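Have a look at the structure below before the remarks.
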Amino acid sequence: MEQEQYKNLEQQITPPTPYMKNALIAFFVGGIICTIGHAITYFYIIFFDFTEKTVGNPTVSTMIFLSMLLTGFGLYKKLGQFAGAGSAVPVTGFGNAVISAAIEHRTEGVVLGIGGNIFKLAGSVILFGVASAFFVALIKLILVTIGVVQW
Amino acid sequence: MIFIDFLLAFVIGGFICLIGQLIMDFGKLTPGHTLSILVVAGAILSGLGLYQPLIDLAGAGATIPITSFGHSLTQGAIAEAQKHGWVGVLTGMFEVTSSGISAAIVFGFIAAFIFKPKGKAN
Amino acid sequence: MVIEFKSKPSILANGAVAGPLEKKSVFYSYFDSIVEDERWNEKTNEQGHSTMILDACDIVMKKANIKNLDVDFFLSGDLVNQMTPSNFAARELAISFIGLFSACATSVSSVIIASLLTELGASQLAIAGAASQHNAIEKQFRYPNYYGAKKPATAQWTVTAAGYALVGKHNPEYPSIVAATVGKVVDYGDTNPFHMGGAMAPAAYDTIVAHLKKRNQKFQDYDLIMTGDLGKIGLKILKAMFAQAGVTPEELQLLRDAGAEFYGEDQAFQAGASGAGCSAAVYFSYIIQQLKSGRFKRVLLCATGALLSPLSFQQGESIPCTAHAIELTME
């Protein structure tokens, strides 16, 4: 059988990706996680002296703490299998990537294991976050300098 | 009123995740690729001045998705660039360490000593 | 390449052990023991992997009433980097050892080498087999175990299991290895590591066709042709390939897959089981027992292996696959 023929056969038999279902599940689970985050935001504004501007940090930290518990008890993995991007895109998913790698590589020691692998999955997010922020700011500075835009 | 506020957080947050899922499925990409794309998208939207209005509108609906990570880094760099010019672009990066990264590192480090990985099927 | 064994080496004893999750397996009752701790009471998954191999080998030796000094060769493989679990198990066993890597086809490739050594007269008794431990293999090939990523319907679940066989001189009371096919490496350009069944099916097809042709046999000459770990979707693809080649639906019922059946219809395992221990544990428990009881007279075991590494996948290489087959008979 030729490669082309085989590819056709394989494609016929392999179940198609349920785009619609995946997207809807991601929407609902992602939405719920953000809603929980929103509730935490209110909690910090009402019960502590945080403002709308400063409440981001404690909210994110709390979400990642919750992510640690769910990751450690193996529940975030199950959520991820169900929700896909719905649980990967919120900051809890970033936490899960970092925390699961740290747990996984504990056996190789604190320095080489945890230290060397903690950003195995999340490293690319940090790289692209920092690098794109740098270039965006640079471009903006150039545009302001030559007078195309205002700050 | 508060209901609308929460609904906006739900819808906007869910919508960003939905876009992430579409990128993953149609692009046949790994979660790592997808999240990197979203972070870059967040930085660009931030540079265009479009992400802050989204946060004002949706609150945690826009700050919880990973796109906000690109936004906060960009805002830090831009704020410093405004103050110090060329040097500021770089120092701005150091100014804003994301709370997400710090929290993930601390909790990840703690978790590594508490938990052991197990193979549970769903 | 098809090998016909004149001396017909026999499988004199067999042992299969599995982890706690494998209680869900339809083959559960055939396994010799289930260990409640997936790390076999060791500190790390990799050490547990090694102890699991030792455990299975101990069962084999106990059944045959022999000690490690009575065994001439130990042939084993697994999927961890440089096969340390097998190497470390061999250190404890202190038997002349050759480590083998045919990915998940190692269960059969090890038995082929053992049969050759027996036929040559170099070996009186050899232990051959393969193993896989879920956590250690996931860590090696995919994501950390607790990372939440959505696996597609084509993904398979690496089993925690080990299966080993004691290969010795011909004995009519035991299943005998009459022929074997060493598979070629086949690559149809598949790149999706979450669709191994699709990548491996052509290799299984190639090997089965080569074996039947050389041996001048048809599907009906067998009571069962069982592939290793194509999974539910991979098995469907393989059946479609044979159907296109003119094999009838009745004949195709003889074709089964250990990975597709391993966890039954449990949806949590998606397309079924995989891993070097999957085919090894099924072949060296269920299949051998069915042969011994006389339910099967002649079977073809065709274990499939995907020869990729995380590195080769990230560098954009496609997934080369192989399949090795042994023909077992019971007189």
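By convention here, the chains of the structure tokens are called A, B, ... in the order presented, each chain's residues are numbered starting at 1, and ligands are numbered starting at 1 in the order presented.
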- request: Please return, as number ranges by chain, all residues of chain B lying within 6 Å of chain A when only C-alpha atoms are considered.
  value: B: 9-11, 13-15, 17-18, 20-21, 36, 39-40, 43, 47, 60-61, 64-66, 70, 73-74, 77-78, 99-100, 103-104, 108, 112, 115, 122
Counting only C-alpha atoms, chain C residues within 6 Å of chain A, as an mmCIF file with all heavy atoms, in the first residue's frame:
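Output below, filename part10.cif:
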data_model
loop_
_atom_site.group_PDB
_atom_site.id
_atom_site.type_symbol
_atom_site.label_atom_id
_atom_site.label_comp_id
_atom_site.auth_asym_id
_atom_site.auth_seq_id
_atom_site.Cartn_x
_atom_site.Cartn_y
_atom_site.Cartn_z
ATOM 1 N N PRO C 144 4.686 15.501 32.586
ATOM 2 C CA PRO C 144 4.637 15.053 33.986
ATOM 3 C C PRO C 144 3.272 14.417 34.258
ATOM 4 O O PRO C 144 2.271 14.821 33.660
ATOM 5 C CB PRO C 144 4.788 16.359 34.768
ATOM 6 C CG PRO C 144 5.537 17.276 33.874
ATOM 7 C CD PRO C 144 5.086 16.918 32.481
ATOM 8 N N TYR C 146 1.138 14.639 36.534
ATOM 9 C CA TYR C 146 0.050 15.467 37.048
ATOM 10 C C TYR C 146 -0.249 16.662 36.149
ATOM 11 O O TYR C 146 -0.984 17.558 36.545
ATOM 12 C CB TYR C 146 0.378 15.943 38.472
ATOM 13 C CG TYR C 146 0.085 14.899 39.522
ATOM 14 C CD1 TYR C 146 0.565 15.023 40.817
ATOM 15 C CD2 TYR C 146 -0.705 13.787 39.222
ATOM 16 C CE1 TYR C 146 0.283 14.073 41.780
ATOM 17 C CE2 TYR C 146 -0.983 12.831 40.173
ATOM 18 C CZ TYR C 146 -0.490 12.982 41.454
ATOM 19 O OH TYR C 146 -0.776 12.050 42.409
ATOM 20 N N TYR C 147 0.324 16.709 34.964
ATOM 21 C CA TYR C 147 0.032 17.819 34.058
ATOM 22 C C TYR C 147 -1.300 17.573 33.359
ATOM 23 O O TYR C 147 -1.564 16.467 32.880
ATOM 24 C CB TYR C 147 1.154 17.958 33.027
ATOM 25 C CG TYR C 147 0.950 19.107 32.075
ATOM 26 C CD1 TYR C 147 0.824 20.410 32.550
ATOM 27 C CD2 TYR C 147 0.876 18.901 30.703
ATOM 28 C CE1 TYR C 147 0.633 21.463 31.686
ATOM 29 C CE2 TYR C 147 0.693 19.956 29.828
ATOM 30 C CZ TYR C 147 0.570 21.236 30.320
ATOM 31 O OH TYR C 147 0.371 22.279 29.462
ATOM 32 N N GLY C 148 -2.134 18.595 33.326
ATOM 33 C CA GLY C 148 -3.466 18.442 32.751
ATOM 34 C C GLY C 148 -3.514 18.806 31.291
ATOM 35 O O GLY C 148 -3.731 19.948 30.949
ATOM 36 N N ALA C 149 -3.278 17.837 30.418
ATOM 37 C CA ALA C 149 -3.411 18.081 28.986
ATOM 38 C C ALA C 149 -4.470 17.146 28.440
ATOM 39 O O ALA C 149 -4.640 16.029 28.919
ATOM 40 C CB ALA C 149 -2.084 17.844 28.268
ATOM 41 N N LYS C 150 -5.188 17.615 27.440
ATOM 42 C CA LYS C 150 -6.252 16.803 26.858
ATOM 43 C C LYS C 150 -5.658 15.852 25.836
ATOM 44 O O LYS C 150 -5.099 16.270 24.836
ATOM 45 C CB LYS C 150 -7.267 17.731 26.187
ATOM 46 C CG LYS C 150 -8.588 17.060 25.879
ATOM 47 C CD LYS C 150 -9.526 18.041 25.169
ATOM 48 C CE LYS C 150 -10.921 17.456 25.077
ATOM 49 N NZ LYS C 150 -11.883 18.160 25.903
ATOM 50 N N TYR C 188 5.346 5.248 7.512
ATOM 51 C CA TYR C 188 4.434 5.856 6.541
ATOM 52 C C TYR C 188 4.280 7.350 6.791
ATOM 53 O O TYR C 188 3.325 7.976 6.352
ATOM 54 C CB TYR C 188 3.072 5.153 6.566
ATOM 55 C CG TYR C 188 3.017 3.931 5.673
ATOM 56 C CD1 TYR C 188 4.178 3.257 5.295
ATOM 57 C CD2 TYR C 188 1.812 3.450 5.183
ATOM 58 C CE1 TYR C 188 4.137 2.155 4.474
ATOM 59 C CE2 TYR C 188 1.757 2.336 4.361
ATOM 60 C CZ TYR C 188 2.934 1.690 4.015
ATOM 61 O OH TYR C 188 2.892 0.590 3.200
#
message: List the spatial neighbours of Ala13 in chain C as an MDAnalysis selection string - criterion: any atom at most 9 Å away, only C-alpha atoms, same-chain residues fewer than 3 positions off excluded.
response: chainID C and resid 10 59:61 63:64 164:167 174 284 288
Kindly export the residues of the current selection with N, CA and C atoms, as a JSON list (two decimals), in the first residue's frame.
[["chain", "number", "residue", "atom", "x", "y", "z"],
["C", 10, "SER", "N", 10.57, -24.54, 23.53],
["C", 10, "SER", "CA", 9.28, -24.43, 24.23],
["C", 10, "SER", "C", 9.32, -23.33, 25.30],
["C", 59, "ILE", "N", 8.70, -15.08, 39.72],
["C", 59, "ILE", "CA", 7.54, -15.94, 39.53],
["C", 59, "ILE", "C", 7.84, -17.02, 38.49],
["C", 60, "VAL", "N", 8.49, -16.60, 37.39],
["C", 60, "VAL", "CA", 8.85, -17.55, 36.34],
["C", 60, "VAL", "C", 9.75, -18.66, 36.91],
["C", 61, "MET", "N", 10.76, -18.24, 37.68],
["C", 61, "MET", "CA", 11.72, -19.23, 38.21],
["C", 61, "MET", "C", 11.06, -20.13, 39.24],
["C", 63, "LYS", "N", 7.90, -21.01, 39.34],
["C", 63, "LYS", "CA", 7.01, -21.94, 38.64],
["C", 63, "LYS", "C", 7.80, -23.10, 38.05],
["C", 64, "ALA", "N", 9.00, -22.78, 37.53],
["C", 64, "ALA", "CA", 9.82, -23.82, 36.90],
["C", 64, "ALA", "C", 10.68, -24.54, 37.93],
["C", 164, "TYR", "N", 7.14, -12.23, 31.47],
["C", 164, "TYR", "CA", 8.38, -12.92, 31.12],
["C", 164, "TYR", "C", 8.10, -14.40, 30.86],
["C", 165, "ALA", "N", 8.93, -14.98, 29.99],
["C", 165, "ALA", "CA", 8.75, -16.38, 29.62],
["C", 165, "ALA", "C", 10.08, -17.11, 29.77],
["C", 166, "LEU", "N", 10.01, -18.37, 30.17],
["C", 166, "LEU", "CA", 11.22, -19.19, 30.26],
["C", 166, "LEU", "C", 11.28, -20.05, 29.00],
["C", 167, "VAL", "N", 12.31, -19.78, 28.18],
["C", 167, "VAL", "CA", 12.44, -20.50, 26.92],
["C", 167, "VAL", "C", 13.50, -21.59, 27.09],
["C", 174, "TYR", "N", 4.48, -28.36, 26.55],
["C", 174, "TYR", "CA", 4.43, -26.90, 26.63],
["C", 174, "TYR", "C", 4.29, -26.29, 25.23],
["C", 284, "PHE", "N", 2.25, -13.62, 27.85],
["C", 284, "PHE", "CA", 2.85, -14.56, 28.79],
["C", 284, "PHE", "C", 1.95, -14.82, 30.00],
["C", 288, "ILE", "N", -0.51, -18.03, 26.80],
["C", 288, "ILE", "CA", 0.18, -19.28, 27.14],
["C", 288, "ILE", "C", -0.80, -20.24, 27.83]]
message: Could you check the closest approach to Gly42 in chain B for each of B:Gln75, B:Gln82, B:Ser102, B:Thr67 and tell me which residue wins, using only C-alpha atoms?
response: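 Of B:Gln75, B:Gln82, B:Ser102, B:Thr67, the one nearest Gly42 in chain B is B:Thr67, counting only C-alpha atoms.
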task: May I have the residues of chain C within 7 Å of chain B, counting only C-alpha atoms, written as a list in words?
output: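 Listing them in order of chain and number gives His134, Asn135, Asn145, Tyr146, Ala268 and Phe269 of chain C.
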Please write the residues from the selection above to a file, keeping C-alpha atoms, as a PDB file, in the first residue's frame.
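Resulting contents of again14.pdb:
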ATOM      1  CA  HIS C 134       3.102   3.856  33.538  1.00  0.00           C
ATOM      2  CA  ASN C 135       4.514   6.764  35.558  1.00  0.00           C
ATOM      3  CA  ASN C 145       2.024  12.685  35.385  1.00  0.00           C
ATOM      4  CA  TYR C 146       0.050  15.467  37.048  1.00  0.00           C
ATOM      5  CA  ALA C 268     -10.990   6.502  30.563  1.00  0.00           C
ATOM      6  CA  PHE C 269      -8.243   4.662  28.711  1.00  0.00           C
TER       7      PHE C 269
END
